[in-house]
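Source file: my_file02.txt (compact mmCIF, C-alpha atoms)
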```txt
# COMPACT_ATOMS: atom_id res chain seq x y z
CA MET Q 172 -37.20 -28.31 42.03
CA LYS Q 173 -39.64 -25.88 40.48
CA ASP Q 174 -37.36 -24.50 37.79
CA GLY Q 175 -35.39 -27.71 37.33
CA PRO Q 176 -36.10 -28.21 33.59
CA ASN Q 177 -35.47 -24.52 32.94
CA SER Q 178 -32.15 -24.47 34.73
CA ASN Q 179 -31.14 -27.67 32.92
CA ALA Q 180 -31.95 -26.10 29.57
CA ARG Q 181 -30.05 -22.94 30.53
CA ALA Q 182 -27.03 -24.95 31.65
CA SER Q 183 -27.08 -26.97 28.42
CA SER Q 184 -27.29 -23.82 26.28
CA VAL Q 185 -24.43 -22.24 28.25
CA THR Q 186 -22.32 -25.40 27.71
CA TRP Q 187 -23.21 -25.41 24.01
CA PHE Q 188 -22.27 -21.74 23.71
CA ARG Q 189 -18.99 -22.35 25.57
CA THR Q 190 -18.18 -25.28 23.30
CA ILE Q 191 -18.69 -23.10 20.22
CA LEU Q 192 -16.71 -20.24 21.68
CA ILE Q 193 -13.72 -22.00 23.23
CA GLY Q 194 -14.14 -25.64 22.18
CA ARG Q 195 -14.25 -28.77 24.28
CA ASN Q 196 -10.63 -28.43 25.27
CA PRO Q 197 -9.80 -24.77 26.09
CA ARG Q 198 -6.06 -25.46 26.21
CA PHE Q 199 -6.12 -26.94 22.71
CA THR Q 200 -8.21 -23.99 21.49
CA ALA Q 201 -5.65 -21.55 22.95
CA VAL Q 202 -2.82 -23.37 21.14
CA ARG Q 203 -4.83 -23.28 17.89
CA ILE Q 204 -5.42 -19.53 18.27
CA VAL Q 205 -1.72 -18.88 18.90
CA VAL Q 206 -0.75 -20.99 15.85
CA LEU Q 207 -3.39 -19.29 13.69
CA VAL Q 208 -2.20 -15.81 14.71
CA ALA Q 209 1.47 -16.74 14.14
CA VAL Q 210 0.73 -18.27 10.71
CA SER Q 211 -1.39 -15.27 9.71
CA LEU Q 212 1.35 -12.85 10.77
CA VAL Q 213 3.97 -14.71 8.74
CA VAL Q 214 1.74 -15.23 5.68
CA PHE Q 215 0.31 -11.71 5.50
CA ASN Q 216 3.58 -9.93 6.33
CA PHE Q 217 6.10 -11.91 4.32
CA LEU Q 218 4.33 -14.06 1.73
CA LEU Q 219 1.02 -12.54 0.67
CA LEU Q 220 0.75 -8.81 1.29
CA PRO Q 221 -2.87 -7.68 1.45
CA ILE Q 222 -3.50 -4.52 -0.58
CA ARG Q 223 -6.41 -2.24 -1.36
CA VAL Q 224 -6.42 -0.91 -4.91
CA GLN Q 225 -6.82 2.85 -5.15
CA GLY Q 226 -6.90 5.00 -8.25
CA ILE Q 227 -7.94 4.52 -11.85
CA SER Q 228 -4.67 3.74 -13.63
CA MET Q 229 -5.34 -0.03 -13.81
CA LEU Q 230 -8.93 0.22 -15.08
CA PRO Q 231 -10.76 -1.85 -16.19
CA THR Q 232 -8.63 -4.76 -14.91
CA TYR Q 233 -8.56 -3.53 -11.32
CA ARG Q 234 -11.16 -1.22 -9.87
CA THR Q 235 -10.59 1.13 -6.97
CA ASN Q 236 -11.21 -0.17 -3.43
CA ARG Q 237 -10.80 -3.79 -4.54
CA ILE Q 238 -8.87 -6.00 -2.10
CA ASN Q 239 -6.03 -8.07 -3.50
CA PHE Q 240 -2.78 -9.73 -2.48
CA VAL Q 241 0.82 -9.41 -3.58
CA ASN Q 242 2.62 -12.73 -3.91
CA ARG Q 243 6.14 -12.06 -2.65
CA LEU Q 244 7.37 -15.50 -3.65
CA ALA Q 245 6.39 -15.10 -7.32
CA TYR Q 246 9.89 -14.10 -8.40
CA VAL Q 247 11.95 -16.44 -6.25
CA PHE Q 248 12.49 -18.98 -9.02
CA HIS Q 249 12.10 -16.78 -12.10
CA GLU Q 250 12.34 -13.13 -13.02
CA PRO Q 251 9.29 -10.95 -13.74
CA ARG Q 252 7.65 -11.58 -17.10
CA ARG Q 253 5.91 -9.40 -19.63
CA GLY Q 254 2.23 -9.01 -18.81
CA ASP Q 255 2.68 -9.55 -15.06
CA VAL Q 256 0.86 -7.08 -12.82
CA VAL Q 257 3.29 -6.18 -10.07
CA ALA Q 258 3.50 -4.09 -6.93
CA ILE Q 259 6.27 -1.51 -6.94
CA ARG Q 260 7.33 0.04 -3.69
CA TYR Q 261 8.04 3.67 -2.94
CA ALA Q 262 10.10 4.04 0.26
CA GLY Q 263 8.49 0.95 1.76
CA LYS Q 264 5.52 -1.36 1.49
CA HIS Q 265 2.82 0.76 3.08
CA VAL Q 266 2.00 2.44 -0.25
CA MET Q 267 2.87 0.79 -3.54
CA LEU Q 268 2.25 1.32 -7.23
CA MET Q 269 0.31 -1.35 -9.10
CA LYS Q 270 1.45 -1.60 -12.72
CA ARG Q 271 1.81 -4.03 -15.60
CA ILE Q 272 5.22 -4.98 -16.95
CA ILE Q 273 5.40 -4.43 -20.69
CA GLY Q 274 9.14 -3.97 -21.23
CA LEU Q 275 11.91 -6.29 -20.13
CA PRO Q 276 15.60 -5.56 -19.40
CA GLY Q 277 17.59 -4.64 -22.47
CA GLU Q 278 14.57 -3.92 -24.68
CA THR Q 279 13.63 -0.64 -26.32
CA ILE Q 280 10.13 0.64 -25.72
CA SER Q 281 8.13 3.32 -27.46
CA PHE Q 282 4.51 4.37 -27.98
CA HIS Q 283 3.21 5.30 -31.44
CA GLY Q 284 -0.41 6.28 -31.92
CA GLY Q 285 -1.16 5.01 -28.45
CA ARG Q 286 0.24 1.55 -29.13
CA ALA Q 287 3.22 0.16 -27.24
CA HIS Q 288 6.14 -1.03 -29.36
CA ILE Q 289 8.91 -3.31 -28.13
CA ASN Q 290 12.13 -3.18 -30.16
CA GLY Q 291 10.12 -1.49 -32.92
CA ARG Q 292 7.37 -4.15 -33.07
CA PRO Q 293 3.81 -3.46 -31.87
CA LEU Q 294 2.87 -5.22 -28.65
CA ASP Q 295 -0.41 -7.09 -28.42
CA GLU Q 296 -2.17 -5.92 -25.27
CA PRO Q 297 -5.63 -7.50 -24.95
CA TYR Q 298 -6.04 -6.07 -21.43
CA VAL Q 299 -6.04 -2.46 -22.72
CA LYS Q 300 -9.69 -1.57 -23.24
CA PHE Q 301 -9.42 2.22 -23.33
CA PRO Q 302 -7.26 3.34 -26.26
CA CYS Q 303 -5.06 6.42 -26.22
CA ASN Q 304 -2.93 8.53 -28.51
CA TRP Q 305 0.29 8.57 -26.52
CA GLU Q 306 3.48 9.29 -28.39
CA ILE Q 307 6.60 8.31 -26.49
CA PRO Q 308 9.94 8.18 -28.29
CA PRO Q 309 12.09 5.02 -27.98
CA ARG Q 310 13.54 4.39 -24.51
CA GLN Q 311 16.23 1.86 -23.72
CA ILE Q 312 15.46 -0.27 -20.67
CA GLY Q 313 18.50 -0.92 -18.45
CA PRO Q 314 19.82 -4.37 -17.54
CA ASN Q 315 18.10 -4.42 -14.16
CA GLU Q 316 14.96 -2.49 -15.06
CA TYR Q 317 11.41 -3.19 -16.24
CA PHE Q 318 9.10 -0.80 -18.06
CA VAL Q 319 5.76 -0.64 -16.27
CA VAL Q 320 2.52 1.08 -17.17
CA GLY Q 321 -1.13 0.95 -16.11
CA ASP Q 322 -3.89 -0.62 -18.21
CA ASN Q 323 -5.95 2.59 -18.31
CA ARG Q 324 -4.39 4.44 -21.22
CA SER Q 325 -7.31 6.85 -21.56
CA MET Q 326 -5.71 9.03 -18.89
CA PRO Q 327 -3.61 12.00 -20.03
CA GLU Q 328 -0.07 10.77 -20.48
CA ALA Q 329 1.38 13.30 -18.01
CA ALA Q 330 -0.98 12.19 -15.26
CA HIS Q 331 -0.23 8.48 -15.72
CA ASP Q 332 2.63 7.07 -13.63
CA LYS Q 333 4.72 4.90 -15.94
CA GLY Q 334 8.37 4.30 -16.59
CA LYS Q 335 11.29 2.14 -15.71
CA ALA Q 336 11.22 0.41 -12.35
CA GLU Q 337 14.35 -1.05 -10.85
CA ARG Q 338 14.15 -4.77 -10.10
CA ARG Q 339 14.74 -4.13 -6.37
CA ARG Q 340 11.54 -2.06 -6.24
CA ILE Q 341 9.33 -4.89 -7.50
CA VAL Q 342 7.84 -6.38 -4.34
CA GLY Q 343 5.88 -9.18 -5.96
CA LYS Q 344 3.19 -10.21 -8.39
CA VAL Q 345 -0.43 -9.28 -7.84
CA LEU Q 346 -2.24 -12.53 -7.10
CA LEU Q 347 -5.82 -12.16 -8.38
CA MET N 212 12.81 -9.55 53.56
CA LYS N 213 10.22 -6.78 53.26
CA ARG N 214 12.96 -4.16 53.59
CA TRP N 215 14.92 -5.75 50.74
CA THR N 216 11.85 -5.93 48.50
CA GLY N 217 11.19 -2.25 49.13
CA ARG N 218 14.79 -1.40 48.31
CA LEU N 219 14.68 -3.45 45.10
CA ILE N 220 11.49 -1.71 43.97
CA LEU N 221 13.02 1.68 44.77
CA LEU N 222 16.15 0.74 42.82
CA GLY N 223 14.04 -0.32 39.83
CA VAL N 224 12.06 2.93 39.88
CA LEU N 225 15.27 4.96 40.13
CA GLY N 226 16.77 2.96 37.25
CA ILE N 227 13.76 3.64 35.02
CA ALA N 228 13.79 7.34 35.98
CA ALA N 229 17.53 7.57 35.22
CA PHE N 230 16.97 5.90 31.83
CA TYR N 231 14.24 8.36 30.86
CA LEU N 232 16.27 11.34 32.13
CA TRP N 233 19.25 10.15 30.08
CA ARG N 234 17.04 9.81 27.01
CA TRP N 235 15.62 13.28 27.64
CA TRP N 236 19.00 14.95 28.01
CA PHE N 237 20.78 12.94 25.32
CA PRO N 238 18.07 11.90 22.84
CA ASP N 239 18.89 9.28 20.26
CA PRO N 240 19.40 11.21 16.96
CA GLU N 241 17.28 8.77 14.97
CA LEU N 242 14.37 8.95 17.39
CA GLU N 243 14.71 12.72 17.52
CA ILE N 244 14.55 12.96 13.71
CA ARG N 245 11.54 10.64 13.56
CA ARG N 246 9.77 12.71 16.21
CA ARG N 247 10.50 15.93 14.33
CA LEU N 248 9.22 14.45 11.07
CA GLN N 249 6.00 13.47 12.77
CA GLU N 250 5.65 17.04 14.02
CA VAL N 251 6.34 18.40 10.52
CA ALA N 252 3.57 16.17 9.13
CA GLN N 253 1.19 17.37 11.86
CA LEU N 254 2.02 21.04 11.22
CA ALA N 255 1.73 20.62 7.45
CA SER N 256 -1.74 19.16 7.96
CA PHE N 257 -4.73 21.29 8.81
CA GLY N 258 -8.47 21.01 9.16
CA ASN N 259 -11.25 23.31 8.01
CA ASN N 260 -11.82 24.39 11.62
CA GLU N 261 -8.39 26.01 11.98
CA GLY N 262 -8.79 29.65 13.01
CA PRO N 263 -6.82 32.53 11.43
CA LEU N 264 -4.48 32.83 14.42
CA ALA N 265 -3.83 29.10 14.52
CA LYS N 266 -3.22 29.17 10.75
CA ALA N 267 -0.51 31.79 11.07
CA SER N 268 0.97 30.24 14.20
CA ASN N 269 1.14 26.70 12.78
CA ALA N 270 2.52 27.88 9.44
CA HIS N 271 5.21 29.84 11.26
CA LYS N 272 6.00 26.90 13.57
CA LEU N 273 6.39 24.66 10.52
CA THR N 274 9.16 26.88 9.18
CA THR N 275 11.15 26.52 12.41
CA TYR N 276 11.82 22.89 11.47
CA PHE N 277 13.73 24.04 8.38
CA SER N 278 17.08 25.79 8.10
CA SER N 279 17.02 29.40 6.90
CA ASP N 280 18.41 28.35 3.49
CA ALA N 281 16.36 25.17 3.11
CA THR N 282 15.36 24.08 -0.39
CA ILE N 283 12.28 22.02 -1.18
CA LEU N 284 11.98 20.46 -4.63
CA VAL N 285 8.83 18.41 -5.02
CA GLU N 286 7.27 16.97 -8.16
CA GLY N 287 4.53 14.50 -8.89
CA SER N 288 2.99 13.04 -12.04
CA GLY N 289 0.53 15.48 -13.55
CA HIS N 290 1.69 18.24 -11.19
CA PRO N 291 4.29 20.89 -11.97
CA GLN N 292 7.55 20.88 -10.05
CA MET N 293 7.40 22.99 -6.92
CA ARG N 294 10.53 24.74 -5.68
CA ILE N 295 10.60 26.55 -2.37
CA SER N 296 13.75 28.30 -1.16
CA GLY N 297 14.19 29.60 2.35
CA GLN N 298 11.96 29.92 5.40
CA GLN N 299 10.15 33.02 4.13
CA GLU N 300 8.99 31.35 0.91
CA LEU N 301 8.03 28.27 2.89
CA LEU N 302 5.91 30.40 5.22
CA GLN N 303 4.17 32.00 2.22
CA THR N 304 3.50 28.59 0.67
CA ALA N 305 2.18 27.14 3.95
CA MET N 306 -0.11 30.16 4.38
CA ALA N 307 -1.28 29.99 0.75
CA ALA N 308 -2.11 26.29 1.15
CA ARG N 309 -4.11 27.09 4.27
CA GLN N 310 -5.96 29.88 2.44
CA ASN N 311 -6.72 27.89 -0.71
CA LEU N 312 -7.53 24.44 0.61
CA ALA N 313 -10.28 23.51 3.04
CA SER N 314 -8.12 20.88 4.67
CA LEU N 315 -4.98 18.83 4.11
CA LYS N 316 -3.75 15.66 5.74
CA VAL N 317 -0.07 14.82 5.39
CA GLU N 318 1.44 11.50 6.47
CA PHE N 319 5.00 10.23 6.35
CA LEU N 320 5.26 6.47 5.94
CA ASP N 321 8.08 3.93 5.73
CA VAL N 322 10.62 6.29 7.25
CA THR N 323 14.26 5.19 7.00
CA VAL N 324 16.88 7.32 8.75
CA ALA N 325 20.53 7.09 7.72
CA LEU N 326 22.88 9.02 9.98
CA ALA N 327 26.16 10.39 8.66
CA SER N 328 29.33 9.15 10.37
CA GLY N 329 29.73 12.16 12.69
CA LYS N 330 26.01 12.03 13.68
CA GLN N 331 25.70 15.70 12.70
CA ALA N 332 23.78 15.08 9.46
CA ALA N 333 21.22 12.56 8.28
CA GLN N 334 19.31 11.53 5.20
CA VAL N 335 15.74 10.31 5.52
CA ASN N 336 13.88 8.38 2.86
CA LEU N 337 10.11 8.16 3.19
CA THR N 338 6.80 8.02 1.39
CA ALA N 339 4.70 11.15 1.76
CA ARG N 340 0.95 10.84 1.39
CA ALA N 341 -1.24 13.92 1.17
CA LEU N 342 -5.00 13.85 1.09
CA VAL N 343 -6.60 16.94 -0.41
CA PRO N 344 -10.39 17.19 -0.30
CA GLY N 345 -11.92 17.21 -3.76
CA GLU N 346 -8.98 15.40 -5.34
CA ARG N 347 -9.85 12.00 -6.72
CA ASP N 348 -6.56 10.38 -5.71
CA GLU N 349 -4.16 10.96 -2.87
CA LEU N 350 -0.90 12.69 -3.71
CA ILE N 351 1.91 10.24 -3.11
CA ALA N 352 5.62 10.83 -3.50
CA GLU N 353 8.83 9.26 -2.31
CA LEU N 354 10.95 11.97 -0.71
CA ASN N 355 14.46 12.38 0.61
CA PHE N 356 14.84 14.73 3.58
CA PHE N 357 18.30 16.01 4.44
CA PHE N 358 18.80 16.96 8.07
CA LYS N 359 21.65 18.84 9.70
CA LYS N 360 22.28 19.48 13.37
CA ILE N 361 22.42 23.25 13.67
CA GLU N 362 22.86 24.82 17.13
CA GLY N 363 21.61 21.66 18.82
CA ASP N 364 18.50 21.24 16.67
CA TRP N 365 17.95 18.83 13.81
CA LEU N 366 16.85 21.09 10.94
CA ILE N 367 15.75 20.16 7.44
CA THR N 368 18.12 21.63 4.87
CA ARG N 369 16.75 20.02 1.72
CA VAL N 370 13.75 18.01 0.54
CA GLU N 371 13.68 16.37 -2.88
CA THR N 372 11.50 13.92 -4.75
CA VAL N 373 12.82 10.47 -5.57
CA ARG N 374 11.68 9.26 -8.98
CA THR N 375 10.25 5.82 -8.27
CA LEU N 376 9.66 5.25 -11.97
CA SER N 377 12.27 6.87 -14.18
CA ALA N 378 11.65 8.06 -17.69
CA GLY N 379 15.28 7.41 -18.63
CA ALA N 380 17.24 8.36 -21.68
CA ALA N 381 16.57 7.45 -25.28
CA PRO N 382 18.98 4.98 -26.94
CA GLY N 383 22.24 6.62 -27.78
CA GLY N 384 22.20 8.77 -24.66
CA SER N 385 19.91 11.54 -25.91
CA PRO N 386 18.34 13.62 -23.17
CA PRO N 387 14.80 12.75 -22.04
CA GLY N 388 12.01 14.20 -24.10
CA VAL N 389 13.90 13.96 -27.37
```

Just dump the structure as structure tokens.
Amino acid sequence: MKDGPNSNARASSVTWFRTILIGRNPRFTAVRIVVLVAVSLVVFNFLLLPIRVQGISMLPTYRTNRINFVNRLAYVFHEPRRGDVVAIRYAGKHVMLMKRIIGLPGETISFHGGRAHINGRPLDEPYVKFPCNWEIPPRQIGPNEYFVVGDNRSMPEAAHDKGKAERRRIVGKVLL
Amino acid sequence: MKRWTGRLILLGVLGIAAFYLWRWWFPDPELEIRRRLQEVAQLASFGNNEGPLAKASNAHKLTTYFSSDATILVEGSGHPQMRISGQQELLQTAMAARQNLASLKVEFLDVTVALASGKQAAQVNLTARALVPGERDELIAELNFFFKKIEGDWLITRVETVRTLSAGAAPGGSPPGV
């Protein structure tokens, strides 16, 4: 009788805590958890791949250590477009390259005075903030290939991964 | 009833033991290759606390995973092409890396093993990631490993870089760089 109010308060706080933790109906909460885990597994394995950006080749658009997602459904209904930032796989999807598509299949690409040219015409690239002086002679892009390059052109040309990526290597479009 | 339960449990234990013995005596080639690759990655990696004896021992052990005439051709953007021929040159390179770098961590990711029809040779495609202290970025390359079963052991005969992004030829078929 002595600690009646105290024990009541303790019991009520325990019930409140339990309600927050497992809900009013534990069975329903368990089902919700299972559904949530299943949906997360499907979404983050097959639809939106979470990635962490590393490196400086996409500066200033993407900074290192930034978290992003790759939309794997982006190219289900249409092919990759110029200006898209895409993830390109190596042997698998654990490590991927993040690059921007600037050349489409069948086009000829070159760099003169640091400026990209498509079929001999200069390409407008508002996302390039750091200019360069790259000189790359004309290259023909194959029927199933895309020319990709990073936004940070201030890097030495030899140290910058760029070139033709086969369509099958493009995993998806970077979401944000 | 109790006797039957005991017999069933014993049968299960014997079955599991037989399975593991079978796997030990006749290992699955793909699993064997994957295991060996993991060991290669471990031996190629080293910490700054590795003693001189361990350095020599691990570098030597690494070479035993390669055939005597193995060729390694590795290239990365901004890095010159590296060509290593034979176990002796590989040993020298492994020792030089251990002398010149404080530490190195090598990982093989996304490993795909393709066995040849006779199961005496295999080609492995993977992404190699190497973390060198002091380097701003990790070194990443897609590699093809060629394995051959020589005297019962799966040995690496060739390693080469796969060009994920190709430079390609200029219009009209001129060689690259023209």

Using all atoms listed in the file, what residues lie at most 10 Å away from (-5.4, 28.1, 9.0) (file coordinates), given as a PDB file with C-alpha atoms, in the frame of the given file?
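Full text of out.pdb as output:
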```pdb
ATOM      1  CA  SER N 256      -1.740  19.160   7.960  1.00  0.00           C
ATOM      2  CA  PHE N 257      -4.730  21.290   8.810  1.00  0.00           C
ATOM      3  CA  GLY N 258      -8.470  21.010   9.160  1.00  0.00           C
ATOM      4  CA  ASN N 259     -11.250  23.310   8.010  1.00  0.00           C
ATOM      5  CA  ASN N 260     -11.820  24.390  11.620  1.00  0.00           C
ATOM      6  CA  GLU N 261      -8.390  26.010  11.980  1.00  0.00           C
ATOM      7  CA  GLY N 262      -8.790  29.650  13.010  1.00  0.00           C
ATOM      8  CA  PRO N 263      -6.820  32.530  11.430  1.00  0.00           C
ATOM      9  CA  LEU N 264      -4.480  32.830  14.420  1.00  0.00           C
ATOM     10  CA  ALA N 265      -3.830  29.100  14.520  1.00  0.00           C
ATOM     11  CA  LYS N 266      -3.220  29.170  10.750  1.00  0.00           C
ATOM     12  CA  ALA N 267      -0.510  31.790  11.070  1.00  0.00           C
ATOM     13  CA  SER N 268       0.970  30.240  14.200  1.00  0.00           C
ATOM     14  CA  ASN N 269       1.140  26.700  12.780  1.00  0.00           C
ATOM     15  CA  ALA N 270       2.520  27.880   9.440  1.00  0.00           C
ATOM     16  CA  ALA N 305       2.180  27.140   3.950  1.00  0.00           C
ATOM     17  CA  MET N 306      -0.110  30.160   4.380  1.00  0.00           C
ATOM     18  CA  ALA N 307      -1.280  29.990   0.750  1.00  0.00           C
ATOM     19  CA  ALA N 308      -2.110  26.290   1.150  1.00  0.00           C
ATOM     20  CA  ARG N 309      -4.110  27.090   4.270  1.00  0.00           C
ATOM     21  CA  GLN N 310      -5.960  29.880   2.440  1.00  0.00           C
ATOM     22  CA  ASN N 311      -6.720  27.890  -0.710  1.00  0.00           C
ATOM     23  CA  LEU N 312      -7.530  24.440   0.610  1.00  0.00           C
ATOM     24  CA  ALA N 313     -10.280  23.510   3.040  1.00  0.00           C
ATOM     25  CA  SER N 314      -8.120  20.880   4.670  1.00  0.00           C
TER      26      SER N 314
END
```

Quiz item: Could you work out how far CA of Arg338 in chain Q lies from CA of Tyr246 in chain Q, giving the answer in Å with one decimal?
Solution: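 Distance between the two atoms: 10.4 Å.
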
Quiz item: Neighbours of Pro314 in chain Q within 10 Å (only C-alpha atoms; same-chain residues fewer than 2 positions away dropped), as a PyMOL selection string?
Solution: chain Q and resi 275-278+311-312+316-317+337-338

Save out the residues we just selected, C-alpha atoms, as a PDB file, keeping the file's coordinate frame.
```
ATOM      1  CA  LEU Q 275      11.910  -6.290 -20.130  1.00  0.00           C
ATOM      2  CA  PRO Q 276      15.600  -5.560 -19.400  1.00  0.00           C
ATOM      3  CA  GLY Q 277      17.590  -4.640 -22.470  1.00  0.00           C
ATOM      4  CA  GLU Q 278      14.570  -3.920 -24.680  1.00  0.00           C
ATOM      5  CA  GLN Q 311      16.230   1.860 -23.720  1.00  0.00           C
ATOM      6  CA  ILE Q 312      15.460  -0.270 -20.670  1.00  0.00           C
ATOM      7  CA  GLU Q 316      14.960  -2.490 -15.060  1.00  0.00           C
ATOM      8  CA  TYR Q 317      11.410  -3.190 -16.240  1.00  0.00           C
ATOM      9  CA  GLU Q 337      14.350  -1.050 -10.850  1.00  0.00           C
ATOM     10  CA  ARG Q 338      14.150  -4.770 -10.100  1.00  0.00           C
TER      11      ARG Q 338
END
```

Quiz item: How far is it from CA of Ala341 in chain N to CA of Leu320 in chain N, in Å with one decimal?
Solution: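 That distance, rounded to one decimal, is 11.0 Å.
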
Quiz item: In Å, how far is it from CA of Gly284 in chain Q to CA of Ile227 in chain Q?
Solution: 21.5 Å

Compile a residue-level contact table for chain Q against chain N at a cut-off of 9 Å, reporting for every qualifying residue the shortest atom pair and its distance in Å to one decimal, with only C-alpha atoms counted, rows ordered by chain and ascending number, as a Markdown table.
```
| residue | atom | partner | partner_atom | distance |
| --- | --- | --- | --- | --- |
| Q:Gln225 | CA | N:Asp348 | CA | 7.6 |
| Q:Gly226 | CA | N:Asp348 | CA | 6.0 |
| Q:Ile227 | CA | N:Asp348 | CA | 8.6 |
| Q:Ile259 | CA | N:Thr375 | CA | 8.4 |
| Q:Arg260 | CA | N:Thr375 | CA | 7.9 |
| Q:Tyr261 | CA | N:Glu353 | CA | 5.7 |
| Q:Ala262 | CA | N:Leu337 | CA | 5.1 |
| Q:Gly263 | CA | N:Asp321 | CA | 5.0 |
| Q:Lys264 | CA | N:Asp321 | CA | 7.2 |
| Q:His265 | CA | N:Asp321 | CA | 6.7 |
| Q:Val266 | CA | N:Thr338 | CA | 7.5 |
| Q:Thr279 | CA | N:Pro382 | CA | 7.8 |
| Q:Ile307 | CA | N:Gly388 | CA | 8.3 |
| Q:Pro308 | CA | N:Val389 | CA | 7.1 |
| Q:Pro309 | CA | N:Ala381 | CA | 5.8 |
| Q:Arg310 | CA | N:Ala381 | CA | 4.4 |
| Q:Gln311 | CA | N:Pro382 | CA | 5.3 |
| Q:Ile312 | CA | N:Gly379 | CA | 7.9 |
| Q:Gly313 | CA | N:Gly379 | CA | 8.9 |
| Q:Phe318 | CA | N:Leu376 | CA | 8.6 |
| Q:Val319 | CA | N:Leu376 | CA | 8.3 |
| Q:Pro327 | CA | N:Gly289 | CA | 8.4 |
| Q:Glu328 | CA | N:Gly289 | CA | 8.4 |
| Q:Ala329 | CA | N:Gly289 | CA | 5.0 |
| Q:Ala330 | CA | N:Gly289 | CA | 4.0 |
| Q:His331 | CA | N:Ser288 | CA | 6.7 |
| Q:Asp332 | CA | N:Ser288 | CA | 6.2 |
| Q:Lys333 | CA | N:Leu376 | CA | 6.3 |
| Q:Gly334 | CA | N:Leu376 | CA | 4.9 |
| Q:Lys335 | CA | N:Ser377 | CA | 5.1 |
| Q:Ala336 | CA | N:Leu376 | CA | 5.1 |
| Q:Glu337 | CA | N:Leu376 | CA | 7.9 |
| Q:Arg340 | CA | N:Thr375 | CA | 8.2 |
```

Quiz item: From the list Q:Trp187, Q:Tyr233, Q:Phe215, Q:Phe248, which residue is nearest Val299 in chain Q when using only C-alpha atoms?
Solution: Q:Tyr233

Quiz prompt | Which residue of N:Thr368, N:Leu219, N:Leu350, N:Lys360 approaches Glu318 in chain N most closely, using all atoms listed in the file | solution = N:Leu350

Self-check item: Residue nearest Met269 in chain Q - candidates Q:Ser211, Q:Asn179, Q:Thr200, Q:Asn323, atoms counted: all atoms listed in the file
Solution: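 Nearest candidate to Met269 in chain Q out of Q:Ser211, Q:Asn179, Q:Thr200, Q:Asn323: Q:Asn323.
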
With the input short on atoms, add N, CA and C atoms back to range 303-317 of chain Q and write it as a CSV table (one decimal), in the coordinates of the input.
```csv
chain,number,residue,atom,x,y,z
Q,303,CYS,N,-5.6,5.1,-26.5
Q,303,CYS,CA,-5.1,6.4,-26.2
Q,303,CYS,C,-4.3,6.9,-27.5
Q,304,ASN,N,-3.7,8.0,-27.4
Q,304,ASN,CA,-2.9,8.5,-28.5
Q,304,ASN,C,-1.5,8.9,-28.0
Q,305,TRP,N,-1.0,8.2,-27.1
Q,305,TRP,CA,0.3,8.6,-26.5
Q,305,TRP,C,1.4,8.4,-27.6
Q,306,GLU,N,2.3,9.4,-27.5
Q,306,GLU,CA,3.5,9.3,-28.4
Q,306,GLU,C,4.7,9.4,-27.5
Q,307,ILE,N,5.4,8.3,-27.3
Q,307,ILE,CA,6.6,8.3,-26.5
Q,307,ILE,C,7.8,7.8,-27.3
Q,308,PRO,N,8.8,8.6,-27.5
Q,308,PRO,CA,9.9,8.2,-28.3
Q,308,PRO,C,10.7,7.0,-27.7
Q,309,PRO,N,11.4,6.2,-28.5
Q,309,PRO,CA,12.1,5.0,-28.0
Q,309,PRO,C,12.9,5.3,-26.7
Q,310,ARG,N,12.8,4.3,-25.8
Q,310,ARG,CA,13.5,4.4,-24.5
Q,310,ARG,C,14.2,3.0,-24.3
Q,311,GLN,N,15.5,3.1,-24.0
Q,311,GLN,CA,16.2,1.9,-23.7
Q,311,GLN,C,16.0,1.5,-22.3
Q,312,ILE,N,15.7,0.2,-22.0
Q,312,ILE,CA,15.5,-0.3,-20.7
Q,312,ILE,C,16.8,-0.9,-20.2
Q,313,GLY,N,17.2,-0.5,-19.0
Q,313,GLY,CA,18.5,-0.9,-18.4
Q,313,GLY,C,18.5,-2.4,-18.1
Q,314,PRO,N,19.7,-2.9,-17.8
Q,314,PRO,CA,19.8,-4.4,-17.5
Q,314,PRO,C,19.0,-4.9,-16.3
Q,315,ASN,N,18.8,-4.0,-15.4
Q,315,ASN,CA,18.1,-4.4,-14.2
Q,315,ASN,C,16.8,-3.6,-14.0
Q,316,GLU,N,16.2,-3.3,-15.1
Q,316,GLU,CA,15.0,-2.5,-15.1
Q,316,GLU,C,13.8,-3.1,-15.9
Q,317,TYR,N,12.6,-2.7,-15.5
Q,317,TYR,CA,11.4,-3.2,-16.2
Q,317,TYR,C,10.6,-2.0,-16.5
```
